[in-house]
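To start, the structure under review is shown below, and the notes come after it.
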Amino acid sequence: MDSSIKNPVEENLKKNVDFLREALGVGKSFDIVQVDAEYAGREMAMFLVDGFAKDDILLHLMKLLAKLEKDKLQPDVLKKLLKTYLPYVEVETSDDLDKVADTVLAGPTALVVDGIKEIILIDARTYPVRGPEEPDTERVVRGARDGFVETIVFNTALTRRRIRDRTLRMEYLQVGRRSKTDIVVCYIEDIADPDMVEQTKKSLRKIDTDGLPMAEKTIEEFISGRHWNPFPVVRYTERPDTAAVHLYEGHICIFVDGSPSVIITPATFWHHLQHAEEYRNKPLVGAYLRMVRFLAVWASIFVLPLWYLFAAHPEMLPKTLSYIGPNDPGHIPLFLQFLIIELGIDVLRMAAIHTPTSLATALGLIAALMIGQVSVEVGLLTNEVILYLAVAAIGTFATPSYELGLANRLTRIALLSVTALFGLFGYVVGITGFFLLLVCMKTFGIPYLWPFLPFNYRSFRDVIIRAPIPLKNKRPPVLRPQDPDR
């Protein structure tokens with residue numbers, strides 16, 4: 001027995017049962033169940049969480065134990081139970097009562113047997129879970145319709161279904177002093193950089209908190225740093241095929257129990273602009289879709305402040321573009337009009353989230369007709385302001401990464417503000433500051449703008465243009481893959 005164990009399992013059944021009753025709160029929590037029994041002349045007790053345990057499996061095991069005679073468990077009771085009379089796949093033992101209590105709260109059932117200094121843990125658990133449905137934020141016209149769910153075992157199984165590599169590794173960790181949240185670090189051992197894998201696991205082990213109420217988002221804030229930087233340094237996906245693609249490249253995925261989103265690390269700026277739809281079409285069509293998406297994203301950031309600059313300083317426009325800018329600026333300054341609509345779009349987005357699906361269409365009609373049209377007629381807003389804000393909003397929603405879309409929205413507001421304050425000088429300085437911010441960022445030691453800075457022609461070409469899969473025969477060198485050839 002390990003001398004470092006604070007509360008070791010005793011041979012006396014009553015002492016073990018008393019400890020587990022107190023630790024688990026039997027009698028205080030209705031869903032913590034204790035079942036006392038006597039099989040083969042030995043007193044036993046089962047501890048389980050109602051709702052986690054598979055009743056049919058436990059009932060089958062109890063029927064087998066009920067048929068045992070006293071002499072059948074001799075001479076080695078523990079060995080006989082494990083090898084012969086508990087015919088279940090996932091059975092282990094523990095001599096640490098604290099570990100047993102934590103394990104029971106995670107779902108397995110603990111079987112305490114009188115006279116044995118170890119407790120048998122039967123992993124016959126199940127969780128309430130929804131079916132693997134297509135994620136709302138990563139829909140494709142053609143392709144798989146399954147998506148990750150809130151149960152970590154299901155998510156790892158969905159990943160293994162697509163990667164049958166012998167070196168695919170799923171390493172289990174627990175984070176949170178109180179929550180004991182299950183986490184899995186997933187990578188392909190023959191491809192992923194060992195130093196990067198070790199760095200990721202080290203960052204996870206360093207997390208010191210009582211729980212992970214927001215699951216993967218809490219993990220991201222602990223391991224990524226840069227808390228006040230809005231740009232994401234990890235990518236989220238709810239699609240098993242997207243996770244598999246990144247694993248084959250040499251990335252590392254982090255699964256968190258209770259979340260349908262999987263963290264992909266490292267993730268550069270360009271990873272957030274790619275979508276599975278581009279690879280579900282012919283290469284030329286996929287390249288076209290990617291270019292359109294890039295244009296929409298850049299337009300959502302820069303077009304609105306640029307239009308405001310020209311509208312506020314029409315002398316900067318050539319005669320051929322003199323039509324840019326409102327004929328009647330209205331009663332409210334243009335800058336305030338932009339802020340009003342920006343805030344209005346965010347309020348509308350939040351209202352749509354909390355609105356039942358059956359009423360969502362009605363909410364859109366109210367926003368478009370009653371609010372938008374009336375505000376123009378009364379002179380509160382101008383038509384051109386609404387037009388360019390709509391262009392920016394569409395570009396934001398066209399961004400595949402929800403997190404990057406929000407960061408770009410904040411960037412647009414900041415760029416619009418400095419342009420309103422300082423004119424052309426503010427616009428130029430704002431854009432320069434935006435690019436300097438991205439250039440200085442790193443994601444797990446990798447430059448955020450790679451392969452643009454530092455420049456790598458082959459990789460940058462694959463980023464900008466959706467290349468045919470047969471031509472993508474090299475893994476990204478920045479990930480330092482052990483096997484660079486695909």
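In the structure tokens, chains take letters A, B, ... by order of appearance, with residues numbered from 1 within each chain and ligands from 1 in the order shown.
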
* Enumerate the residues of stretch 203-258 of chain A with a DSSP assignment of alpha helix (DSSP H), computed from the backbone, and present them as an MDAnalysis selection string. => chainID A and resid 203:205 216:224 240:249

* **Between atom CA of A:Leu438 and atom CA of A:Asp346, distance in Å (one decimal)** =>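 Value for the atom CA of A:Leu438-atom CA of A:Asp346 distance: 24.7 Å.
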
* Asked: Skipping near chain neighbours, those fewer than 2 positions away, what residues fall within 9 Å of A:Ala287 using only C-alpha atoms, listed as a list in words?
  ->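 So, after excluding close chain neighbours, the residues are Glu278, Lys282, Pro283, Leu284, Val285, Leu289, Arg290, Met291, Val292, Ile464, Ile465, Arg466 and Ala467 of chain A.
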
* Asked: What does the distance between atom CA of A:Ala144 and atom CA of A:His246 come to in Å, to one decimal place?
  ->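 Rounded to one decimal, the two atoms are 16.4 Å apart.
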
* **Option closest in space to A:His60, from A:Leu424, A:Ala124, A:Leu158, A:Ile341 [counting only C-alpha atoms]** => A:Ala124

If we count only C-alpha atoms and set the cut-off at 10 Å, which residues sit around A:Arg161, ignoring sequence neighbours fewer than 3 positions away in its own chain? Please answer as a short mmCIF file (atom, residue, chain, number, x, y, z; two decimals) with N, CA, C and O atoms, in the first residue's frame.
data_model
loop_
_atom_site.label_atom_id
_atom_site.label_comp_id
_atom_site.auth_asym_id
_atom_site.auth_seq_id
_atom_site.Cartn_x
_atom_site.Cartn_y
_atom_site.Cartn_z
N ASN A 155 -17.44 11.77 -28.12
CA ASN A 155 -16.63 12.62 -29.00
C ASN A 155 -15.34 11.93 -29.41
O ASN A 155 -14.91 12.01 -30.56
N THR A 156 -14.70 11.25 -28.46
CA THR A 156 -13.48 10.51 -28.82
C THR A 156 -13.80 9.37 -29.78
O THR A 156 -13.01 9.06 -30.67
N ALA A 157 -14.96 8.75 -29.61
CA ALA A 157 -15.35 7.66 -30.52
C ALA A 157 -15.61 8.21 -31.93
O ALA A 157 -15.24 7.58 -32.93
N LEU A 158 -16.25 9.37 -32.03
CA LEU A 158 -16.49 9.98 -33.34
C LEU A 158 -15.17 10.31 -34.04
O LEU A 158 -15.07 10.22 -35.27
N ARG A 164 -8.13 5.82 -37.94
CA ARG A 164 -7.84 4.47 -37.45
C ARG A 164 -6.34 4.24 -37.37
O ARG A 164 -5.86 3.12 -37.53
N PRO A 240 -16.47 16.41 -36.31
CA PRO A 240 -15.40 15.40 -36.21
C PRO A 240 -14.48 15.38 -37.43
O PRO A 240 -13.28 15.13 -37.28
N ASP A 241 -15.02 15.65 -38.63
CA ASP A 241 -14.15 15.63 -39.81
C ASP A 241 -13.16 16.79 -39.78
O ASP A 241 -12.00 16.64 -40.19
N ALA A 244 -10.44 15.83 -37.39
CA ALA A 244 -9.57 14.81 -37.99
C ALA A 244 -8.58 15.42 -38.97
O ALA A 244 -7.40 15.05 -38.99
#

* **Contacts of A:Leu309 at 10 Å (only C-alpha atoms; same-chain gap of 3+ positions) as a PyMOL selection string** => chain A and resi 303-306+312-314+316-317+325+416+419-420+422-424+426-427

Could you please take those selected residues and save C-alpha atoms as a tab-separated table (two decimals), in the first residue's frame?
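Once written, selection31.tsv looks like this:
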chain	number	residue	atom	x	y	z
A	303	VAL	CA	-14.91	49.34	-45.70
A	304	LEU	CA	-17.07	51.02	-43.07
A	305	PRO	CA	-14.34	53.27	-41.56
A	306	LEU	CA	-13.12	54.05	-45.11
A	312	ALA	CA	-16.54	63.22	-43.56
A	313	HIS	CA	-13.81	64.50	-45.92
A	314	PRO	CA	-15.33	64.60	-49.44
A	316	MET	CA	-10.32	63.45	-50.64
A	317	LEU	CA	-12.53	61.86	-53.30
A	325	GLY	CA	-21.33	60.04	-48.99
A	416	LEU	CA	-14.13	53.77	-36.87
A	419	THR	CA	-11.00	57.66	-37.93
A	420	ALA	CA	-13.74	59.91	-36.53
A	422	PHE	CA	-8.21	61.96	-36.27
A	423	GLY	CA	-9.34	61.58	-39.87
A	424	LEU	CA	-6.95	60.09	-42.41
A	426	GLY	CA	-6.29	57.99	-37.45
A	427	TYR	CA	-7.39	55.58	-40.20

* Could you work out how far atom CA of A:Leu173 lies from atom CA of A:Phe52, giving the answer in Å with one decimal? ->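 Pair atom CA of A:Phe52 / atom CA of A:Leu173 returns 20.2 Å.
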
* **Spatial neighbours of A:Asp257, max dist 7 Å, only C-alpha atoms, sep filter under 4 positions, as a list in words** => Glu150, Thr151, Ile152, Thr181, Asp182 and Ile183 of chain A

* Which is closer to A:Asp195 than all the others in A:Gly445, A:Gly225, A:Gly27, A:Pro477, using only C-alpha atoms? -> A:Gly445

* May I ask which of the residues A:Asn456, A:Thr103, A:Thr209, A:Thr242 is the closest one to A:Arg139, counting only C-alpha atoms? =>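 Counting only C-alpha atoms, the residue closest to A:Arg139 is A:Thr242.
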
* **Shell of 10 Å around stretch 134-138 of chain A, only C-alpha atoms, local chain residues under 6 positions omitted, as a ChimeraX atom specification** => /A:144-149,237-239,242,260-261,275-277,400-402

Export of the given selection (N, CA and C atoms) as a CSV table (one decimal), in the first residue's frame:
chain,number,residue,atom,x,y,z
A,144,ALA,N,-20.8,15.2,-44.0
A,144,ALA,CA,-21.3,14.5,-42.8
A,144,ALA,C,-22.2,15.4,-42.0
A,145,ARG,N,-23.2,14.8,-41.4
A,145,ARG,CA,-24.2,15.5,-40.6
A,145,ARG,C,-24.0,15.2,-39.1
A,146,ASP,N,-23.0,14.5,-38.7
A,146,ASP,CA,-22.8,14.3,-37.3
A,146,ASP,C,-21.9,15.3,-36.7
A,147,GLY,N,-22.1,15.6,-35.4
A,147,GLY,CA,-21.3,16.6,-34.7
A,147,GLY,C,-21.0,16.1,-33.3
A,148,PHE,N,-20.1,16.8,-32.7
A,148,PHE,CA,-19.7,16.4,-31.3
A,148,PHE,C,-20.9,16.7,-30.4
A,149,VAL,N,-20.9,16.0,-29.3
A,149,VAL,CA,-22.0,16.2,-28.3
A,149,VAL,C,-21.3,16.5,-26.9
A,237,THR,N,-14.2,23.7,-32.9
A,237,THR,CA,-15.0,23.0,-34.0
A,237,THR,C,-15.9,22.0,-33.3
A,238,GLU,N,-17.1,21.8,-33.9
A,238,GLU,CA,-18.0,20.8,-33.5
A,238,GLU,C,-18.2,19.7,-34.5
A,239,ARG,N,-17.3,19.7,-35.5
A,239,ARG,CA,-17.3,18.7,-36.6
A,239,ARG,C,-16.2,17.7,-36.4
A,242,THR,N,-13.6,18.0,-39.3
A,242,THR,CA,-12.7,19.1,-39.2
A,242,THR,C,-11.6,18.8,-38.2
A,260,PRO,N,-19.7,20.4,-26.4
A,260,PRO,CA,-19.6,19.8,-27.8
A,260,PRO,C,-18.5,20.4,-28.7
A,261,SER,N,-17.8,21.4,-28.1
A,261,SER,CA,-16.8,22.1,-28.9
A,261,SER,C,-15.4,21.5,-28.5
A,275,HIS,N,-13.2,26.9,-43.9
A,275,HIS,CA,-14.5,26.2,-43.6
A,275,HIS,C,-14.5,24.9,-44.4
A,276,ALA,N,-15.2,23.9,-43.8
A,276,ALA,CA,-15.3,22.6,-44.4
A,276,ALA,C,-16.0,22.7,-45.8
A,277,GLU,N,-16.9,23.7,-46.0
A,277,GLU,CA,-17.6,23.8,-47.2
A,277,GLU,C,-16.7,23.9,-48.4
A,400,PRO,N,-16.1,32.2,-40.7
A,400,PRO,CA,-16.4,30.9,-40.2
A,400,PRO,C,-16.2,30.8,-38.6
A,401,SER,N,-15.3,31.5,-38.1
A,401,SER,CA,-15.0,31.4,-36.6
A,401,SER,C,-15.9,32.5,-36.0
A,402,TYR,N,-16.7,32.0,-35.1
A,402,TYR,CA,-17.6,33.0,-34.3
A,402,TYR,C,-16.7,33.9,-33.5

* To do: Return as a VMD selection string the full set of residues in stretch 70-299 of chain A whose backbone-based DSSP assignment is strand (DSSP E or B).
  => chain A and resid 91 to 94 96 109 to 113 119 to 122 125 168 to 175 181 to 188 235 to 237 252 to 256 262 to 265
